[in-house]
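Asks: Before I ask anything, here is the structure I am working with.
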Amino acid sequence: MLEKDDYIFGIRAVIEAIEAGKEIDKVMVNRDLKGDLARELMGVIKSHGVLVQKVPAEKIDRITRRNHQGVIAILSAVTYESLDNVVPAIYEEGRLPFIVLLDGVTDVRNFGAIARTCECAGVDAIVIPRRGGVGVNGDAMKTSAGALNYLPVCRETSILNAVKFLKDNGYMVVAASEKSTLNYTLAEYTSSPVALVMGAEDVGISEDVLRFCDTKVAIPQIGHIGSLNVSVAAGVMIYEVVRQRLAANEVPE
């Protein structure tokens with residue numbers, strides 16, 4: 001349930017928030033909204049690249065019954081970073097980079113748990129897509145146990161574009177996929193920067209992204225269920241990278 005500090009409502013208030021540079025996760029707009037002010041709002045949303053969802057009025061009413069005018073902006077709990085800025089900064093600090101990308105993860109509790117593991121393991125940044133993925137809200141912050149206050153979160157146009165960018169910058173892109181036959185412990189994570197891609201809770205990593213990954217690995221499944229929760233799988237993968245790098249003295253103990 002959203003708290004009142006998690007959102008802004010009303011057309012003019014949302015326009016002013018966007019133009020003032022507020023970090024907005026998404027704007028929900030009544031799909032039947034019309035008029036000059038509505039057109040002005042949509043123009044501002046488009047010019048600032050803000051994610052918009054057109055929804056039934058009832059969905060906005062479930063968040064607040066106050067005079068929302070059919071518009072509500074969900075605020076982000078963090079300031080998003082850009083890979084363009086994060087990647088050079090990691091190299092300048094002299095570390096062997098390690099970035100985690102989430103392709104289609106939508107559950108905020110999974111996201112928060114993954115962020116917590118990333119921060120504990122010294123991951124340099126976590127990447128999420130602008131559309132079709134999770135945002136950083138209060139529930140994610142709570143589940144991360146404060147990790148999202150320290151871990152850079154990059155919100156990129158798409159995971160595919162982020163993967164291409166990281167490959168161009170010397171990263172080995174590793175996909176954790178049940179479709180692979182390579183045991184995750186047999187891949188080598190110590191000689192180059194690593195970008196680890198974890199897939200959506202239901203369908204895994206998209207085929208477009210998989211095609212661009214350098215290495216595909218799998219965590220062995222011995223039981224009957226055949227799949228791990230994505231936050232658990234991410235923890236296993238992340239700490240294999242840490243284990244190998246510690247053994248190779250790539251990161252300090």
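Each chain in the structure tokens gets a letter, A, B and so on, in the order shown; residues start at 1 in every chain, and ligands are counted from 1 in the order they appear.
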How close does each residue of segment 129-245 of chain A get to segment 81-96 of chain A, giving the shortest atom pair and distance in Å to one decimal for every residue with an atom at most 6 Å away, counting only C-alpha atoms, sorted by chain and residue number, as JSON lines?

Replies:
```
{"residue": "A:Val153", "atom": "CA", "partner": "A:Glu81", "partner_atom": "CA", "distance": 5.7}
{"residue": "A:Cys154", "atom": "CA", "partner": "A:Glu81", "partner_atom": "CA", "distance": 4.6}
{"residue": "A:Pro193", "atom": "CA", "partner": "A:Leu96", "partner_atom": "CA", "distance": 5.6}
```

Asks: Please report, as JSON, numbers by chain, each residue of segment 35-222 of chain A to which DSSP assigns helix (DSSP H, G or I) when run on this structure's backbone.

Replies: {"A": [36, 37, 38, 39, 40, 41, 42, 43, 44, 45, 46, 47, 57, 58, 59, 60, 61, 83, 84, 85, 86, 87, 88, 89, 90, 91, 92, 108, 109, 110, 111, 112, 113, 114, 115, 116, 117, 118, 119, 120, 121, 138, 139, 140, 141, 142, 143, 147, 148, 149, 159, 160, 161, 162, 163, 164, 165, 166, 167, 168, 184, 185, 186, 207, 208, 209, 210, 211, 212]}

Asks: Counting only C-alpha atoms, which residues of segment 127-240 of chain A sit at most 12 Å from some atom of segment 104-123 of chain A, and what is each one's closest atom pair with its distance in Å to one decimal, listed by chain and rising residue number, as a Markdown table?

Replies:
```
| residue | atom | partner | partner_atom | distance |
| --- | --- | --- | --- | --- |
| A:Val127 | CA | A:Ala115 | CA | 10.3 |
| A:Ile128 | CA | A:Gly104 | CA | 7.9 |
| A:Pro129 | CA | A:Gly104 | CA | 7.5 |
| A:Arg130 | CA | A:Gly104 | CA | 10.1 |
| A:Arg131 | CA | A:Gly104 | CA | 8.6 |
| A:Gly132 | CA | A:Gly104 | CA | 5.7 |
| A:Gly133 | CA | A:Gly104 | CA | 4.7 |
| A:Val134 | CA | A:Thr106 | CA | 4.4 |
| A:Gly135 | CA | A:Val108 | CA | 7.4 |
| A:Val136 | CA | A:Val108 | CA | 7.6 |
| A:Asn137 | CA | A:Val108 | CA | 7.7 |
| A:Gly138 | CA | A:Val108 | CA | 9.1 |
| A:Asp139 | CA | A:Val108 | CA | 6.5 |
| A:Ala140 | CA | A:Gly112 | CA | 4.5 |
| A:Met141 | CA | A:Gly112 | CA | 6.3 |
| A:Lys142 | CA | A:Gly112 | CA | 7.3 |
| A:Thr143 | CA | A:Gly112 | CA | 4.7 |
| A:Ser144 | CA | A:Gly112 | CA | 4.1 |
| A:Ala145 | CA | A:Arg116 | CA | 6.6 |
| A:Gly146 | CA | A:Arg116 | CA | 7.7 |
| A:Ala147 | CA | A:Arg116 | CA | 5.1 |
| A:Leu148 | CA | A:Ala115 | CA | 6.5 |
| A:Asn149 | CA | A:Glu119 | CA | 9.6 |
| A:Tyr150 | CA | A:Glu119 | CA | 7.3 |
| A:Leu151 | CA | A:Glu119 | CA | 5.9 |
| A:Pro152 | CA | A:Val123 | CA | 9.3 |
| A:Val153 | CA | A:Ala115 | CA | 9.1 |
| A:Ser158 | CA | A:Gly104 | CA | 9.8 |
| A:Ile159 | CA | A:Gly104 | CA | 8.6 |
| A:Leu160 | CA | A:Gly104 | CA | 11.2 |
| A:Pro193 | CA | A:Val123 | CA | 11.2 |
| A:Val194 | CA | A:Val123 | CA | 9.9 |
| A:Ala195 | CA | A:Val123 | CA | 9.9 |
| A:Leu196 | CA | A:Val123 | CA | 10.2 |
| A:Val197 | CA | A:Gly104 | CA | 10.4 |
| A:Met198 | CA | A:Val105 | CA | 8.1 |
| A:Gly199 | CA | A:Gly104 | CA | 6.2 |
| A:Ala200 | CA | A:Val105 | CA | 4.3 |
| A:Glu201 | CA | A:Val105 | CA | 6.1 |
| A:Asp202 | CA | A:Val105 | CA | 8.8 |
| A:Val203 | CA | A:Gly104 | CA | 8.7 |
| A:Gly204 | CA | A:Gly104 | CA | 7.9 |
| A:Ile205 | CA | A:Gly104 | CA | 7.5 |
| A:Ser206 | CA | A:Gly104 | CA | 8.3 |
| A:Val209 | CA | A:Gly104 | CA | 11.0 |
| A:Leu228 | CA | A:Asn110 | CA | 11.8 |
| A:Asn229 | CA | A:Asn110 | CA | 8.2 |
| A:Val230 | CA | A:Asn110 | CA | 6.9 |
| A:Ser231 | CA | A:Ile114 | CA | 5.2 |
| A:Val232 | CA | A:Ile114 | CA | 8.0 |
| A:Ala233 | CA | A:Ile114 | CA | 9.3 |
| A:Ala234 | CA | A:Ile114 | CA | 6.5 |
| A:Gly235 | CA | A:Thr117 | CA | 6.2 |
| A:Val236 | CA | A:Thr117 | CA | 9.7 |
| A:Met237 | CA | A:Thr117 | CA | 10.5 |
| A:Ile238 | CA | A:Ala121 | CA | 7.2 |
| A:Tyr239 | CA | A:Ala121 | CA | 7.0 |
| A:Glu240 | CA | A:Ala121 | CA | 10.2 |
```

Asks: Pick out the residues sitting within 10 Å of Thr190 of chain A, and hand them over as number ranges by chain; count only C-alpha atoms, and ignore anything fewer than 6 positions along from it in its own chain.

Replies: A: 96, 241-251

Asks: Using only N, CA and C atoms, please write the residues we just selected to a file, as a JSON list (two decimals), in the first residue's frame.

Replies:
```json
[["chain", "number", "residue", "atom", "x", "y", "z"],
["A", 96, "LEU", "N", 37.72, -4.16, -10.15],
["A", 96, "LEU", "CA", 37.29, -5.05, -11.22],
["A", 96, "LEU", "C", 35.76, -5.03, -11.21],
["A", 241, "VAL", "N", 30.66, -15.40, -7.99],
["A", 241, "VAL", "CA", 31.61, -14.40, -8.50],
["A", 241, "VAL", "C", 32.51, -13.92, -7.38],
["A", 242, "VAL", "N", 31.93, -13.61, -6.23],
["A", 242, "VAL", "CA", 32.71, -13.15, -5.07],
["A", 242, "VAL", "C", 33.69, -14.24, -4.63],
["A", 243, "ARG", "N", 33.24, -15.49, -4.56],
["A", 243, "ARG", "CA", 34.12, -16.59, -4.13],
["A", 243, "ARG", "C", 35.33, -16.72, -5.03],
["A", 244, "GLN", "N", 35.08, -16.72, -6.34],
["A", 244, "GLN", "CA", 36.20, -16.86, -7.27],
["A", 244, "GLN", "C", 37.17, -15.68, -7.16],
["A", 245, "ARG", "N", 36.63, -14.48, -7.02],
["A", 245, "ARG", "CA", 37.50, -13.30, -6.97],
["A", 245, "ARG", "C", 38.29, -13.24, -5.66],
["A", 246, "LEU", "N", 37.67, -13.67, -4.57],
["A", 246, "LEU", "CA", 38.41, -13.74, -3.31],
["A", 246, "LEU", "C", 39.54, -14.76, -3.42],
["A", 247, "ALA", "N", 39.23, -15.92, -4.02],
["A", 247, "ALA", "CA", 40.25, -16.97, -4.18],
["A", 247, "ALA", "C", 41.40, -16.50, -5.05],
["A", 248, "ALA", "N", 41.08, -15.62, -6.02],
["A", 248, "ALA", "CA", 42.10, -15.10, -6.93],
["A", 248, "ALA", "C", 42.70, -13.78, -6.43],
["A", 249, "ASN", "N", 42.30, -13.38, -5.21],
["A", 249, "ASN", "CA", 42.76, -12.12, -4.62],
["A", 249, "ASN", "C", 42.39, -10.90, -5.48],
["A", 250, "GLU", "N", 41.23, -11.01, -6.15],
["A", 250, "GLU", "CA", 40.79, -9.89, -6.98],
["A", 250, "GLU", "C", 40.06, -8.83, -6.16],
["A", 251, "VAL", "N", 39.52, -9.23, -5.01],
["A", 251, "VAL", "CA", 38.88, -8.27, -4.12],
["A", 251, "VAL", "C", 39.41, -8.50, -2.72]]
```

Asks: Can you pull out every residue within 10 Å of segment 46-52 of chain A, counting only C-alpha atoms, but drop anything in the same chain fewer than 2 positions away, and send it as a list of chain:residue names?

Replies: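 Near neighbours after the sequence-gap exclusion: A:Ile18, A:Glu19, A:Gly21, A:Glu23, A:Ile24, A:Asp25, A:Lys26, A:Val27, A:Met28, A:Val29, A:Glu40, A:Leu41, A:Met42, A:Gly43, A:Val44, A:Lys54, A:Val55, A:Ala73, A:Arg130, A:Arg131, A:Thr157.
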
Asks: With C-alpha atoms retained, write the just-selected residues as a tab-separated table (two decimals), in the first residue's frame.

Replies:
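Saved file result-v6.tsv follows:
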```tsv
chain	number	residue	atom	x	y	z
A	18	ILE	CA	8.07	16.69	-13.51
A	19	GLU	CA	9.34	20.11	-14.57
A	21	GLY	CA	13.05	17.40	-11.76
A	23	GLU	CA	12.47	11.55	-9.48
A	24	ILE	CA	9.26	9.90	-10.71
A	25	ASP	CA	8.84	6.17	-11.11
A	26	LYS	CA	5.75	6.44	-13.32
A	27	VAL	CA	2.64	8.53	-13.95
A	28	MET	CA	-0.75	6.83	-13.92
A	29	VAL	CA	-3.35	8.62	-16.06
A	40	GLU	CA	-0.25	19.68	-21.70
A	41	LEU	CA	0.46	16.95	-19.15
A	42	MET	CA	1.11	14.34	-21.85
A	43	GLY	CA	3.44	16.75	-23.65
A	44	VAL	CA	5.46	17.30	-20.47
A	54	LYS	CA	-3.10	4.75	-18.94
A	55	VAL	CA	-5.38	2.99	-16.48
A	73	ALA	CA	2.63	10.33	-10.08
A	130	ARG	CA	12.52	1.83	-17.80
A	131	ARG	CA	9.57	-0.28	-18.99
A	157	THR	CA	15.89	2.41	-21.82
```

Asks: Using atom CA of Asn161 of chain A and atom CA of Ser177 of chain A as the two end points, give the distance in Å to one decimal.

Replies: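 About the pair atom CA of Asn161 of chain A and atom CA of Ser177 of chain A: they are 19.2 Å apart.
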
Asks: Give the answer as one residue: which of A:Ala77, A:Leu101, A:Ala125, A:Ile225 has the shortest atom-to-atom distance to Val174 of chain A, using only C-alpha atoms?

Replies: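 Once distances to Val174 of chain A are computed over only C-alpha atoms, the minimum belongs to A:Leu101.
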